[in-house]
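Peer 1: My questions will all concern the structure given below.
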Amino acid sequence: ALPIYINLFTMAAQLSQYDELVALLPVMQDAHKKKPEGPRLETIEKVGEFVASENFKAYEPYIVSEVLPTLLARHDDKPKAAAAAKEVSTALIAKCSIQSFSAACPSIFAGMDTDAKWKSKVGACNLLTQFATRVEAEDRELLSACLPEIMPPIIALLYDTKPEVVEAASAALEISMKGITNRDLEPFTGALLNAFKIREETEETIQKIGRAHV
């Protein structure tokens with residue numbers, strides 16, 4: 001009977017910690033200019049402890065779907081909170097399972113939204129580059145399957161007014177396009193990349209691909 005009691009105790013402890021994690025989110029989201037940075041910084045650091053914990057897998061779905069968008073929003077916070085958000089979000093992506101890539105994409109895309117601050121856009125692109133690099137190395141087919149979802153938000157940022165956003169989006173696009181597994185398209189990956197970056201080259205690239213299939 002002892003193992004049953006131990007399991008019940010473990011489950012109760014995890015539920016308590018999960019409630020604690022959920023309670024952190026509203027504090028992280030309260031970023032009014034008149035609000036002090038301290039409480040947000042503390043909650044971000046606390047999320048970092050959950051990410052680093054041995055029980056991370058139990059919290060991974062919630063952190064990825066609910067907390068990650070707010071972490072990206074905090075990339076545009078005051079200096080200490082922004083630095084902590086970058087550190088924790090980077091550690092999160094490094095620890096996430098490869099299989100969670102498709103689930104993480106919508107949360108990352110939230111930081112690429114047109115209404116997002118430019119530092120959040122840069123952070124989102126950097127996280128996508130980080131995660132896509134892992135996926136390309138370990139499960140290229142998964143990256144390939146996610147390309148239709150990945151490409152539009154990245155391409156939209158290639159024409160952002162902030163050079164930092166354009167640079168980060170270009171890096172994310174380059175690694176993402178390594179998911180192209182169609183042998184007919186692989187030789188044109190570089191041309192496609194340039195076509196996305198330079199609109200004037202789009203028509204020429206399409207013609208090149210068309211001639212290759214004649």
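Chain labels follow the order of the structure tokens: the first chain is A, the next B, and so on; residue numbering restarts at 1 in every chain, and ligands are counted from 1 in their shown order.
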Hey, what's within 12 Å of Ser176 (chain A) if we count only C-alpha atoms and toss same-chain stuff fewer than 3 positions away? As number ranges by chain, please?
Peer 2: A: 125-137, 140-155, 169-173, 179-181, 189, 193
Peer 1: Would you output that residue set with N, CA, C and O atoms, as a short mmCIF file (atom, residue, chain, number, x, y, z; two decimals), in the first residue's frame?
Peer 2:
```
data_model
loop_
_atom_site.label_atom_id
_atom_site.label_comp_id
_atom_site.auth_asym_id
_atom_site.auth_seq_id
_atom_site.Cartn_x
_atom_site.Cartn_y
_atom_site.Cartn_z
N CYS A 125 11.13 35.31 -33.47
CA CYS A 125 11.92 34.78 -34.59
C CYS A 125 13.13 34.00 -34.08
O CYS A 125 13.45 32.92 -34.62
N ASN A 126 13.78 34.52 -33.05
CA ASN A 126 14.94 33.83 -32.50
C ASN A 126 14.56 32.48 -31.90
O ASN A 126 15.29 31.48 -32.05
N LEU A 127 13.42 32.44 -31.21
CA LEU A 127 12.97 31.18 -30.63
C LEU A 127 12.60 30.18 -31.71
O LEU A 127 12.88 28.98 -31.59
N LEU A 128 11.96 30.67 -32.77
CA LEU A 128 11.61 29.77 -33.87
C LEU A 128 12.87 29.23 -34.53
O LEU A 128 12.94 28.03 -34.85
N THR A 129 13.87 30.08 -34.72
CA THR A 129 15.14 29.63 -35.27
C THR A 129 15.77 28.56 -34.39
O THR A 129 16.25 27.52 -34.87
N GLN A 130 15.75 28.80 -33.09
CA GLN A 130 16.32 27.86 -32.13
C GLN A 130 15.62 26.51 -32.18
O GLN A 130 16.26 25.45 -32.25
N PHE A 131 14.28 26.54 -32.17
CA PHE A 131 13.50 25.30 -32.14
C PHE A 131 13.60 24.58 -33.50
O PHE A 131 13.79 23.36 -33.57
N ALA A 132 13.48 25.33 -34.59
CA ALA A 132 13.53 24.73 -35.93
C ALA A 132 14.89 24.09 -36.20
O ALA A 132 14.98 23.07 -36.90
N THR A 133 15.94 24.66 -35.64
CA THR A 133 17.27 24.07 -35.79
C THR A 133 17.31 22.68 -35.15
O THR A 133 17.87 21.74 -35.73
N ARG A 134 16.72 22.57 -33.98
CA ARG A 134 16.66 21.26 -33.32
C ARG A 134 15.82 20.27 -34.12
O ARG A 134 16.20 19.12 -34.30
N VAL A 135 14.67 20.74 -34.58
CA VAL A 135 13.76 19.86 -35.31
C VAL A 135 14.38 19.41 -36.63
O VAL A 135 14.28 18.24 -37.00
N GLU A 136 15.04 20.32 -37.32
CA GLU A 136 15.67 19.97 -38.60
C GLU A 136 16.73 18.88 -38.40
O GLU A 136 16.89 18.00 -39.25
N ALA A 137 17.42 18.92 -37.27
CA ALA A 137 18.46 17.94 -37.00
C ALA A 137 17.91 16.59 -36.56
O ALA A 137 18.49 15.55 -36.85
N ARG A 140 13.40 16.00 -39.48
CA ARG A 140 13.19 16.92 -40.60
C ARG A 140 11.80 16.81 -41.20
O ARG A 140 11.23 17.79 -41.69
N GLU A 141 11.23 15.63 -41.16
CA GLU A 141 9.88 15.44 -41.69
C GLU A 141 8.86 16.26 -40.91
O GLU A 141 7.89 16.77 -41.49
N LEU A 142 9.07 16.39 -39.61
CA LEU A 142 8.17 17.21 -38.80
C LEU A 142 8.28 18.68 -39.21
O LEU A 142 7.26 19.37 -39.34
N LEU A 143 9.50 19.14 -39.42
CA LEU A 143 9.69 20.52 -39.87
C LEU A 143 9.01 20.74 -41.22
O LEU A 143 8.34 21.75 -41.45
N SER A 144 9.15 19.75 -42.11
CA SER A 144 8.51 19.82 -43.42
C SER A 144 7.00 19.92 -43.30
O SER A 144 6.36 20.72 -43.98
N ALA A 145 6.43 19.11 -42.41
CA ALA A 145 4.98 19.09 -42.23
C ALA A 145 4.46 20.42 -41.69
O ALA A 145 3.30 20.80 -41.94
N CYS A 146 5.30 21.13 -40.94
CA CYS A 146 4.87 22.38 -40.31
C CYS A 146 5.11 23.61 -41.19
O CYS A 146 4.68 24.71 -40.85
N LEU A 147 5.79 23.42 -42.33
CA LEU A 147 6.14 24.57 -43.18
C LEU A 147 4.94 25.43 -43.60
O LEU A 147 5.04 26.66 -43.56
N PRO A 148 3.81 24.84 -44.00
CA PRO A 148 2.68 25.70 -44.40
C PRO A 148 2.21 26.62 -43.29
O PRO A 148 1.70 27.72 -43.56
N GLU A 149 2.38 26.19 -42.06
CA GLU A 149 1.98 27.01 -40.91
C GLU A 149 3.06 28.04 -40.57
O GLU A 149 2.76 29.16 -40.15
N ILE A 150 4.32 27.65 -40.76
CA ILE A 150 5.44 28.48 -40.35
C ILE A 150 5.69 29.66 -41.30
O ILE A 150 5.96 30.79 -40.87
N MET A 151 5.62 29.39 -42.59
CA MET A 151 6.09 30.37 -43.58
C MET A 151 5.36 31.72 -43.56
O MET A 151 6.02 32.77 -43.58
N PRO A 152 4.02 31.76 -43.57
CA PRO A 152 3.35 33.07 -43.69
C PRO A 152 3.74 34.09 -42.62
O PRO A 152 4.05 35.24 -42.98
N PRO A 153 3.74 33.74 -41.32
CA PRO A 153 4.10 34.77 -40.34
C PRO A 153 5.55 35.24 -40.45
O PRO A 153 5.84 36.41 -40.18
N ILE A 154 6.46 34.33 -40.85
CA ILE A 154 7.85 34.74 -41.01
C ILE A 154 7.99 35.69 -42.20
O ILE A 154 8.63 36.75 -42.11
N ILE A 155 7.41 35.31 -43.32
CA ILE A 155 7.52 36.11 -44.54
C ILE A 155 6.97 37.51 -44.33
O ILE A 155 7.52 38.51 -44.82
N ALA A 169 13.93 37.55 -38.78
CA ALA A 169 12.98 36.80 -39.62
C ALA A 169 13.71 36.06 -40.74
O ALA A 169 13.37 34.93 -41.08
N SER A 170 14.73 36.69 -41.30
CA SER A 170 15.51 36.06 -42.37
C SER A 170 16.19 34.79 -41.87
O SER A 170 16.22 33.76 -42.56
N ALA A 171 16.75 34.87 -40.66
CA ALA A 171 17.41 33.69 -40.07
C ALA A 171 16.40 32.58 -39.82
O ALA A 171 16.67 31.40 -40.07
N ALA A 172 15.21 32.94 -39.34
CA ALA A 172 14.17 31.95 -39.07
C ALA A 172 13.69 31.31 -40.37
O ALA A 172 13.44 30.10 -40.43
N LEU A 173 13.57 32.12 -41.41
CA LEU A 173 13.12 31.60 -42.71
C LEU A 173 14.16 30.65 -43.30
O LEU A 173 13.81 29.59 -43.84
N GLY A 179 13.45 22.52 -44.19
CA GLY A 179 12.43 21.48 -44.09
C GLY A 179 11.86 21.10 -45.45
O GLY A 179 11.03 20.19 -45.53
N ILE A 180 12.27 21.80 -46.50
CA ILE A 180 11.80 21.44 -47.85
C ILE A 180 12.43 20.10 -48.25
O ILE A 180 13.66 20.00 -48.39
N THR A 181 11.62 19.10 -48.40
CA THR A 181 12.12 17.77 -48.72
C THR A 181 11.78 17.35 -50.15
O THR A 181 12.18 16.27 -50.58
N THR A 189 15.96 26.32 -53.38
CA THR A 189 15.74 26.86 -52.03
C THR A 189 16.36 28.24 -51.88
O THR A 189 15.74 29.16 -51.34
N LEU A 193 14.38 31.74 -51.23
CA LEU A 193 14.70 32.58 -50.07
C LEU A 193 14.88 34.03 -50.50
O LEU A 193 14.33 34.96 -49.88
#
```
Peer 1: Excluding same-chain residues fewer than 5 positions from Lys80 (chain A), what lies within 9 Å of it counting only C-alpha atoms, as a CSV table (one decimal) with all heavy atoms, in the first residue's frame?
Peer 2:
```csv
chain,number,residue,atom,x,y,z
A,37,GLU,N,8.5,46.9,-11.9
A,37,GLU,CA,9.1,45.7,-12.6
A,37,GLU,C,9.2,44.5,-11.7
A,37,GLU,O,9.1,43.3,-12.2
A,37,GLU,CB,10.4,46.1,-13.2
A,37,GLU,CG,11.2,45.0,-13.9
A,37,GLU,CD,12.5,45.5,-14.4
A,37,GLU,OE1,13.1,46.4,-13.7
A,37,GLU,OE2,13.0,44.9,-15.4
A,38,GLY,N,9.4,44.7,-10.4
A,38,GLY,CA,9.7,43.6,-9.5
A,38,GLY,C,8.8,42.4,-9.5
A,38,GLY,O,9.3,41.3,-9.7
A,41,LEU,N,9.3,40.4,-12.7
A,41,LEU,CA,10.6,39.8,-12.7
A,41,LEU,C,10.6,38.5,-11.8
A,41,LEU,O,11.1,37.4,-12.2
A,41,LEU,CB,11.7,40.7,-12.2
A,41,LEU,CG,13.1,40.2,-12.0
A,41,LEU,CD1,13.6,39.7,-13.4
A,41,LEU,CD2,14.0,41.3,-11.5
A,85,ALA,N,13.1,37.3,-19.2
A,85,ALA,CA,12.1,36.6,-20.1
A,85,ALA,C,12.9,36.0,-21.3
A,85,ALA,O,12.6,34.9,-21.7
A,85,ALA,CB,11.2,37.7,-20.7
```
Peer 1: Which value, in Å to one decimal, gives the distance between CA of Asp77 (chain A) and CA of Asp30 (chain A)?
Peer 2: 10.8 Å
Peer 1: Going by DSSP on the backbone, which bits of region 8-210 of chain A are helix (DSSP H, G or I)? Write them as a PyMOL selection string, please.
Peer 2: chain A and resi 8-29+38-52+56-76+79-95+98-110+118-138+140-157+163-179+186-197+199-210
Peer 1: Which residues are close to Val122 (chain A), i.e. within 12 Å by only C-alpha atoms, leaving aside same-chain residues fewer than 6 positions away? Reply as a compact mmCIF listing (two decimals) with C-alpha atoms, in the first residue's frame.
Peer 2:
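Generated file (out-v2.txt):
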```txt
# COMPACT_ATOMS: atom_id res chain seq x y z
CA LEU A 72 7.55 36.84 -25.50
CA ALA A 73 5.53 39.93 -24.63
CA HIS A 75 10.85 40.69 -24.15
CA ASP A 76 9.75 44.30 -24.54
CA LYS A 86 14.73 36.05 -22.86
CA ILE A 108 5.67 31.74 -30.94
CA PHE A 109 3.57 33.26 -33.71
CA ALA A 110 1.79 35.36 -31.08
CA GLY A 111 5.05 37.27 -30.74
CA MET A 112 5.12 37.83 -34.51
CA ASP A 113 1.69 39.42 -34.66
CA ALA A 116 3.41 42.90 -31.16
CA LEU A 128 11.61 29.77 -33.87
CA THR A 129 15.14 29.63 -35.27
CA ILE A 154 7.85 34.74 -41.01
CA LEU A 157 8.13 40.09 -41.01
CA LEU A 158 10.63 40.27 -43.87
CA ASP A 160 9.00 45.03 -41.21
CA LYS A 162 12.76 47.49 -38.04
CA PRO A 163 16.03 46.09 -39.46
CA GLU A 164 16.45 43.93 -36.36
CA VAL A 165 13.12 42.22 -37.07
CA VAL A 166 13.98 41.66 -40.73
CA GLU A 167 17.34 40.12 -39.79
CA ALA A 168 15.78 37.78 -37.22
CA ALA A 169 12.98 36.80 -39.62
CA SER A 170 15.51 36.06 -42.37
CA ALA A 171 17.41 33.69 -40.07
CA ALA A 172 14.17 31.95 -39.07
```
Peer 1: For Asp19 (chain A), which residue out of A:Leu68, A:Tyr59, A:Ile93, A:Pro106 is the nearest one, using only C-alpha atoms?
Peer 2: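 Using only C-alpha atoms, Asp19 (chain A) sits closest to A:Tyr59.
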Peer 1: Rounded to one decimal in Å, what is the spacing between CA of Leu25 (chain A) and CA of Glu49 (chain A)?
Peer 2: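 So the two atoms, CA of Leu25 (chain A) and CA of Glu49 (chain A), lie 14.2 Å apart.
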